[in-house]
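In what follows, a structure is listed as structure tokens, so that the remarks can point back to it.
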Amino acid sequence: MIVYLSHWFIEEDRAKATSNFMAAIPVSLVIGSPVAGWIPSHNWFAIEGWRWLFLLEGVPAILLGVVAFFFLTDQPGQARWLTAEQRQWISPKLEQEKPLSRQSITIGQAFRSRTVLLLATAAFVQYFIGYSVIFWLPTILKNQSGFSDPQVGLFGAMPYVVALFAMLFNGWHSDKAGERRWHAAAPLLIAATGLLCLISLPSSNVMTVLLLSMICMAMAFLPVFWAIPTEILRDSNAAVAVGTINALASLAGFAGPYAFGYLRVETGSFVAGFAVLMFSSLAGGVLMLLTPAAQSRGLKSVTSS
């Protein structure tokens with residue numbers, strides 16, 4: 001999808017477009033958190049509530065996948081639902097942004113690229129934080145607050161509302177300022193501050209929800225970050241780079257929640273897990289600031305570094 005968006009949006013609009021797309025993540029969590037807390041406690045037609053949860057969340061994805069297959073085209077020039085004037089305007093602009101050199105890179109070259117590996121490490125760190133928080137936030141909130149399950153579902157949605165607005169604003173402001181590195185680093189540094197406060201400040205229900213909201217602002221990293229690889233490369237090059245980065249980063253989907261849970265069991269507290277996430281957030285912010293500036297990016301730096 002990141003590469004796909006680069007086929008439709010020019011660079012100056014790309015982070016904003018990506019933020020609008022990825023806004024589906026916090027929106028789904030805002031809706032899904034209270035709904036997922038309510039469905040398992042209800043049985044219909046002799047089917048357990050937890051089975052209905054999988055069914056009701058899976059069917060829309062299948063239906064929309066079929067719609068997307070037939071409705072979305074690879075390029076704007078193929079879209080019948082655009083007017084001829086719209087197709088003629090966007091296609092040349094996107095073509096102008098493509099590099100003159102069209103040499104392709106292999107997965108092996110991507111793994112040897114310092115820039116790709118740096119971006120993959122930064123994405124791994126953010127995924128490590130994000131997946132840990134998404135999986136463990138209800139448990140953390142219930143443990144810290146003593147809320148009932150429906151209350152956990154309701155108040156657990158609030159951090160994702162904050163994340164939604166942070167994501168949209170960060171993508172918009174990054175495009176407006178024409179800057180990527182600080183806009184990707186800032187959400188991680190804010191999350192690190194929230195984790196530090198969660199460890200060190202006295203706990204209260206209001207404070208817990210507020211600090212969890214700060215931590216969830218790490219999601220605002222995503223739209224700006226994913227605008228970077230498609231500004232380095234285009235077409236098949238971007239697909240290889242994005243695929244490599246996302247493949248390595250996605251390992252955090254297992255590592256994050258597992259490590260957080262392991263520390264919780266071994267220490268009997270969330271503090272150790274919070275500390276690991278805090279240092280991960282700081283490391284991710286630093287890595288993004290070490291990313292080459294836009295003017296120094298290019299095909300040569302990825303294929304030869």
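Chain labels run A, B, ... following the order of the structure tokens; each chain numbers its residues from 1, and ligands are numbered from 1 in the order shown.
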Nearby residues (only C-alpha atoms) at most 10 Å from stretch 211-220 of chain A, same-chain spacing under 2 positions excluded, as an MDAnalysis selection string: chainID A and resid 19 22:23 25:26 126:127 129:130 133:134 137 140:141 156:171 183:198 206:209 222:225 277:278 281
Using the chain letters and numbers from this document, which residues of stretch 98-227 of chain A does DSSP assign to helix (DSSP H, G or I), as a compact mmCIF listing (two decimals) with N, CA and C atoms, in the first residue's frame?
```
# COMPACT_ATOMS: atom_id res chain seq x y z
N ILE A 107 16.80 -8.04 -3.47
CA ILE A 107 16.62 -8.12 -2.03
C ILE A 107 17.97 -8.15 -1.33
N GLY A 108 18.95 -8.85 -1.94
CA GLY A 108 20.28 -8.90 -1.37
C GLY A 108 20.91 -7.52 -1.27
N GLN A 109 20.75 -6.71 -2.32
CA GLN A 109 21.28 -5.34 -2.29
C GLN A 109 20.57 -4.51 -1.23
N ALA A 110 19.28 -4.72 -1.08
CA ALA A 110 18.53 -3.99 -0.06
C ALA A 110 19.04 -4.32 1.33
N PHE A 111 19.36 -5.61 1.57
CA PHE A 111 19.88 -6.02 2.88
C PHE A 111 21.28 -5.46 3.14
N ARG A 112 22.00 -5.13 2.07
CA ARG A 112 23.34 -4.58 2.24
C ARG A 112 23.34 -3.05 2.29
N ARG A 114 22.94 0.44 3.88
CA ARG A 114 22.93 1.02 5.23
C ARG A 114 21.65 1.81 5.47
N THR A 115 21.19 2.52 4.43
CA THR A 115 19.98 3.34 4.58
C THR A 115 18.76 2.46 4.83
N VAL A 116 18.63 1.39 4.05
CA VAL A 116 17.49 0.48 4.21
C VAL A 116 17.53 -0.18 5.58
N LEU A 117 18.70 -0.63 6.01
CA LEU A 117 18.82 -1.29 7.30
C LEU A 117 18.55 -0.32 8.45
N LEU A 118 18.99 0.93 8.29
CA LEU A 118 18.72 1.93 9.32
C LEU A 118 17.21 2.17 9.44
N LEU A 119 16.54 2.32 8.29
CA LEU A 119 15.09 2.53 8.30
C LEU A 119 14.37 1.29 8.84
N ALA A 120 14.86 0.11 8.49
CA ALA A 120 14.24 -1.12 8.99
C ALA A 120 14.37 -1.22 10.50
N THR A 121 15.52 -0.82 11.04
CA THR A 121 15.71 -0.86 12.49
C THR A 121 14.79 0.14 13.18
N ALA A 122 14.68 1.34 12.61
CA ALA A 122 13.78 2.35 13.19
C ALA A 122 12.34 1.87 13.16
N ALA A 123 11.92 1.25 12.05
CA ALA A 123 10.56 0.73 11.95
C ALA A 123 10.36 -0.43 12.93
N PHE A 124 11.37 -1.28 13.09
CA PHE A 124 11.28 -2.39 14.04
C PHE A 124 11.03 -1.85 15.45
N VAL A 125 11.76 -0.82 15.82
CA VAL A 125 11.62 -0.23 17.16
C VAL A 125 10.20 0.30 17.35
N GLN A 126 9.67 1.02 16.33
CA GLN A 126 8.32 1.58 16.46
C GLN A 126 7.28 0.46 16.52
N TYR A 127 7.43 -0.56 15.70
CA TYR A 127 6.51 -1.69 15.73
C TYR A 127 6.59 -2.40 17.08
N PHE A 128 7.81 -2.51 17.61
CA PHE A 128 8.01 -3.14 18.92
C PHE A 128 7.18 -2.42 19.98
N ILE A 129 7.21 -1.09 19.93
CA ILE A 129 6.43 -0.29 20.88
C ILE A 129 4.94 -0.41 20.57
N GLY A 130 4.60 -0.22 19.30
CA GLY A 130 3.19 -0.19 18.90
C GLY A 130 2.45 -1.48 19.20
N TYR A 131 3.03 -2.61 18.81
CA TYR A 131 2.36 -3.89 19.04
C TYR A 131 2.27 -4.20 20.54
N SER A 132 3.31 -3.85 21.29
CA SER A 132 3.28 -4.09 22.73
C SER A 132 2.14 -3.31 23.38
N VAL A 133 2.01 -2.05 22.97
CA VAL A 133 0.96 -1.20 23.57
C VAL A 133 -0.42 -1.67 23.16
N ILE A 134 -0.60 -1.97 21.87
CA ILE A 134 -1.93 -2.40 21.40
C ILE A 134 -2.37 -3.69 22.09
N PHE A 135 -1.46 -4.65 22.22
CA PHE A 135 -1.81 -5.92 22.83
C PHE A 135 -2.01 -5.80 24.35
N TRP A 136 -1.22 -4.95 24.99
CA TRP A 136 -1.21 -4.92 26.45
C TRP A 136 -1.97 -3.74 27.05
N LEU A 137 -2.39 -2.78 26.24
CA LEU A 137 -3.05 -1.59 26.80
C LEU A 137 -4.27 -1.94 27.65
N PRO A 138 -5.18 -2.82 27.21
CA PRO A 138 -6.33 -3.14 28.08
C PRO A 138 -5.91 -3.70 29.43
N THR A 139 -4.90 -4.59 29.43
CA THR A 139 -4.43 -5.18 30.68
C THR A 139 -3.78 -4.13 31.57
N ILE A 140 -2.97 -3.26 30.94
CA ILE A 140 -2.31 -2.19 31.71
C ILE A 140 -3.36 -1.28 32.33
N LEU A 141 -4.34 -0.88 31.54
CA LEU A 141 -5.37 0.04 32.02
C LEU A 141 -6.20 -0.59 33.13
N LYS A 142 -6.54 -1.85 32.97
CA LYS A 142 -7.35 -2.52 34.00
C LYS A 142 -6.55 -2.67 35.29
N ASN A 143 -5.26 -3.00 35.16
CA ASN A 143 -4.42 -3.18 36.33
C ASN A 143 -4.16 -1.86 37.06
N GLN A 144 -3.94 -0.80 36.29
CA GLN A 144 -3.59 0.48 36.88
C GLN A 144 -4.80 1.22 37.44
N SER A 145 -6.00 0.93 36.87
CA SER A 145 -7.18 1.72 37.23
C SER A 145 -8.23 0.96 38.03
N ASP A 149 -14.55 -4.30 32.70
CA ASP A 149 -14.24 -4.59 31.29
C ASP A 149 -14.87 -3.57 30.33
N PRO A 150 -16.18 -3.24 30.48
CA PRO A 150 -16.75 -2.21 29.59
C PRO A 150 -16.06 -0.85 29.74
N GLN A 151 -15.67 -0.51 30.97
CA GLN A 151 -14.97 0.76 31.19
C GLN A 151 -13.59 0.74 30.56
N VAL A 152 -12.92 -0.40 30.63
CA VAL A 152 -11.62 -0.53 29.98
C VAL A 152 -11.77 -0.35 28.47
N GLY A 153 -12.83 -0.93 27.90
CA GLY A 153 -13.07 -0.76 26.47
C GLY A 153 -13.32 0.68 26.10
N LEU A 154 -14.08 1.40 26.95
CA LEU A 154 -14.42 2.79 26.66
C LEU A 154 -13.21 3.71 26.83
N PHE A 155 -12.59 3.65 28.02
CA PHE A 155 -11.45 4.53 28.27
C PHE A 155 -10.21 4.10 27.49
N MET A 158 -9.73 6.04 24.22
CA MET A 158 -9.32 7.45 24.23
C MET A 158 -7.89 7.69 23.74
N PRO A 159 -6.90 6.86 24.15
CA PRO A 159 -5.55 7.08 23.61
C PRO A 159 -5.49 7.00 22.09
N TYR A 160 -6.36 6.18 21.50
CA TYR A 160 -6.34 6.05 20.04
C TYR A 160 -7.01 7.23 19.35
N VAL A 161 -7.92 7.89 20.05
CA VAL A 161 -8.47 9.15 19.51
C VAL A 161 -7.36 10.19 19.42
N VAL A 162 -6.56 10.28 20.47
CA VAL A 162 -5.42 11.20 20.47
C VAL A 162 -4.45 10.82 19.36
N ALA A 163 -4.18 9.52 19.22
CA ALA A 163 -3.26 9.05 18.18
C ALA A 163 -3.77 9.41 16.79
N LEU A 164 -5.08 9.32 16.58
CA LEU A 164 -5.67 9.66 15.28
C LEU A 164 -5.36 11.11 14.90
N PHE A 165 -5.65 12.04 15.81
CA PHE A 165 -5.42 13.45 15.50
C PHE A 165 -3.93 13.76 15.38
N ALA A 166 -3.10 13.10 16.19
CA ALA A 166 -1.66 13.30 16.09
C ALA A 166 -1.13 12.82 14.75
N MET A 167 -1.65 11.69 14.28
CA MET A 167 -1.22 11.13 13.00
C MET A 167 -1.60 12.05 11.84
N LEU A 168 -2.84 12.52 11.84
CA LEU A 168 -3.30 13.40 10.77
C LEU A 168 -2.53 14.72 10.77
N PHE A 169 -2.32 15.30 11.95
CA PHE A 169 -1.60 16.57 12.03
C PHE A 169 -0.14 16.40 11.61
N ASN A 170 0.50 15.33 12.07
CA ASN A 170 1.91 15.14 11.78
C ASN A 170 2.15 14.95 10.28
N GLY A 171 1.28 14.18 9.63
CA GLY A 171 1.42 14.00 8.19
C GLY A 171 1.21 15.30 7.43
N TRP A 172 0.19 16.05 7.83
CA TRP A 172 -0.09 17.34 7.18
C TRP A 172 1.06 18.32 7.39
N HIS A 173 1.55 18.41 8.61
CA HIS A 173 2.60 19.39 8.91
C HIS A 173 3.93 18.99 8.26
N SER A 174 4.19 17.69 8.15
CA SER A 174 5.41 17.24 7.49
C SER A 174 5.43 17.65 6.03
N ASP A 175 4.29 17.48 5.35
CA ASP A 175 4.19 17.92 3.95
C ASP A 175 4.32 19.43 3.84
N LYS A 176 3.68 20.14 4.74
CA LYS A 176 3.71 21.61 4.69
C LYS A 176 5.13 22.13 4.91
N ALA A 177 5.85 21.52 5.87
CA ALA A 177 7.20 21.97 6.19
C ALA A 177 8.24 21.38 5.24
N ARG A 181 12.56 13.89 8.86
CA ARG A 181 13.27 13.24 9.96
C ARG A 181 12.73 13.64 11.34
N TRP A 182 12.62 14.94 11.60
CA TRP A 182 12.14 15.38 12.92
C TRP A 182 10.67 15.02 13.11
N HIS A 183 9.91 15.04 12.03
CA HIS A 183 8.49 14.69 12.15
C HIS A 183 8.31 13.19 12.45
N ALA A 184 9.27 12.36 12.04
CA ALA A 184 9.22 10.95 12.38
C ALA A 184 9.77 10.70 13.78
N ALA A 185 10.79 11.48 14.17
CA ALA A 185 11.41 11.28 15.48
C ALA A 185 10.56 11.80 16.63
N ALA A 186 9.88 12.94 16.44
CA ALA A 186 9.14 13.60 17.52
C ALA A 186 8.10 12.70 18.18
N PRO A 187 7.27 11.95 17.44
CA PRO A 187 6.29 11.09 18.11
C PRO A 187 6.93 10.04 19.01
N LEU A 188 8.09 9.52 18.60
CA LEU A 188 8.77 8.53 19.43
C LEU A 188 9.34 9.16 20.69
N LEU A 189 9.84 10.38 20.59
CA LEU A 189 10.38 11.07 21.76
C LEU A 189 9.25 11.44 22.73
N ILE A 190 8.08 11.79 22.19
CA ILE A 190 6.92 12.05 23.05
C ILE A 190 6.50 10.77 23.77
N ALA A 191 6.48 9.65 23.04
CA ALA A 191 6.13 8.37 23.65
C ALA A 191 7.12 8.01 24.76
N ALA A 192 8.40 8.28 24.52
CA ALA A 192 9.42 8.00 25.55
C ALA A 192 9.16 8.82 26.81
N THR A 193 8.75 10.07 26.63
CA THR A 193 8.42 10.93 27.77
C THR A 193 7.23 10.36 28.54
N GLY A 194 6.20 9.92 27.80
CA GLY A 194 5.03 9.32 28.45
C GLY A 194 5.39 8.07 29.24
N LEU A 195 6.27 7.25 28.69
CA LEU A 195 6.68 6.02 29.39
C LEU A 195 7.49 6.35 30.64
N LEU A 196 8.35 7.35 30.55
CA LEU A 196 9.12 7.77 31.72
C LEU A 196 8.19 8.26 32.83
N CYS A 197 7.19 9.04 32.45
CA CYS A 197 6.23 9.54 33.45
C CYS A 197 5.40 8.41 34.03
N LEU A 198 5.07 7.42 33.19
CA LEU A 198 4.27 6.30 33.67
C LEU A 198 5.05 5.50 34.72
N ILE A 199 6.36 5.47 34.57
CA ILE A 199 7.22 4.77 35.53
C ILE A 199 7.39 5.57 36.82
N SER A 200 7.57 6.89 36.68
CA SER A 200 8.04 7.69 37.81
C SER A 200 6.97 8.49 38.54
N ASN A 205 -6.24 7.36 37.72
CA ASN A 205 -6.94 6.97 36.50
C ASN A 205 -6.77 8.00 35.38
N VAL A 206 -6.92 9.27 35.73
CA VAL A 206 -6.79 10.33 34.73
C VAL A 206 -5.37 10.36 34.18
N MET A 207 -4.38 10.27 35.07
CA MET A 207 -2.98 10.31 34.66
C MET A 207 -2.63 9.11 33.78
N THR A 208 -3.16 7.94 34.13
CA THR A 208 -2.87 6.75 33.34
C THR A 208 -3.39 6.89 31.92
N VAL A 209 -4.63 7.34 31.76
CA VAL A 209 -5.19 7.52 30.42
C VAL A 209 -4.42 8.58 29.65
N LEU A 210 -4.04 9.67 30.33
CA LEU A 210 -3.29 10.74 29.68
C LEU A 210 -1.93 10.25 29.19
N LEU A 211 -1.21 9.51 30.04
CA LEU A 211 0.12 9.03 29.66
C LEU A 211 0.05 7.94 28.60
N LEU A 212 -0.96 7.10 28.66
CA LEU A 212 -1.15 6.11 27.59
C LEU A 212 -1.45 6.80 26.26
N SER A 213 -2.13 7.94 26.33
CA SER A 213 -2.39 8.72 25.11
C SER A 213 -1.09 9.27 24.53
N MET A 214 -0.20 9.74 25.39
CA MET A 214 1.11 10.21 24.93
C MET A 214 1.89 9.07 24.26
N ILE A 215 1.82 7.89 24.87
CA ILE A 215 2.55 6.74 24.32
C ILE A 215 1.98 6.35 22.95
N CYS A 216 0.66 6.38 22.83
CA CYS A 216 0.03 6.00 21.56
C CYS A 216 0.31 7.02 20.45
N MET A 217 0.78 8.20 20.82
CA MET A 217 1.15 9.17 19.79
C MET A 217 2.33 8.70 18.95
N ALA A 218 2.99 7.62 19.38
CA ALA A 218 4.04 7.01 18.56
C ALA A 218 3.51 6.59 17.19
N MET A 219 2.20 6.37 17.08
CA MET A 219 1.60 6.02 15.79
C MET A 219 1.78 7.13 14.76
N ALA A 220 1.93 8.37 15.22
CA ALA A 220 2.10 9.50 14.30
C ALA A 220 3.41 9.41 13.54
N PHE A 221 4.29 8.51 13.97
CA PHE A 221 5.54 8.22 13.27
C PHE A 221 5.27 7.61 11.89
N LEU A 222 4.25 6.78 11.79
CA LEU A 222 4.05 5.93 10.62
C LEU A 222 3.89 6.67 9.29
N PRO A 223 2.98 7.65 9.16
CA PRO A 223 2.78 8.26 7.85
C PRO A 223 4.01 9.00 7.35
N VAL A 224 4.74 9.65 8.24
CA VAL A 224 5.94 10.37 7.82
C VAL A 224 7.04 9.38 7.47
N PHE A 225 7.20 8.37 8.30
CA PHE A 225 8.25 7.37 8.03
C PHE A 225 8.05 6.72 6.67
```
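Atom CA of A:Ala241 sits 21.8 Å away from atom CA of A:Gly178.
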In Å, rounded to a single decimal, give me how far atom CA of A:Asp74 is from atom CA of A:Asn246.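 Rounded to one decimal, the two atoms are 20.7 Å apart.
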Which distance in Å separates atom CA of A:Ser6 and atom CA of A:Leu82, to one decimal?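 Interatomic distance here is 17.3 Å.
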Could you check the closest approach to A:Thr18 for each of A:Gln86, A:Ile228, A:Leu290, A:Gly65 and tell me which residue wins, using only C-alpha atoms?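 Of A:Gln86, A:Ile228, A:Leu290, A:Gly65, the one nearest A:Thr18, counting only C-alpha atoms, is A:Ile228.
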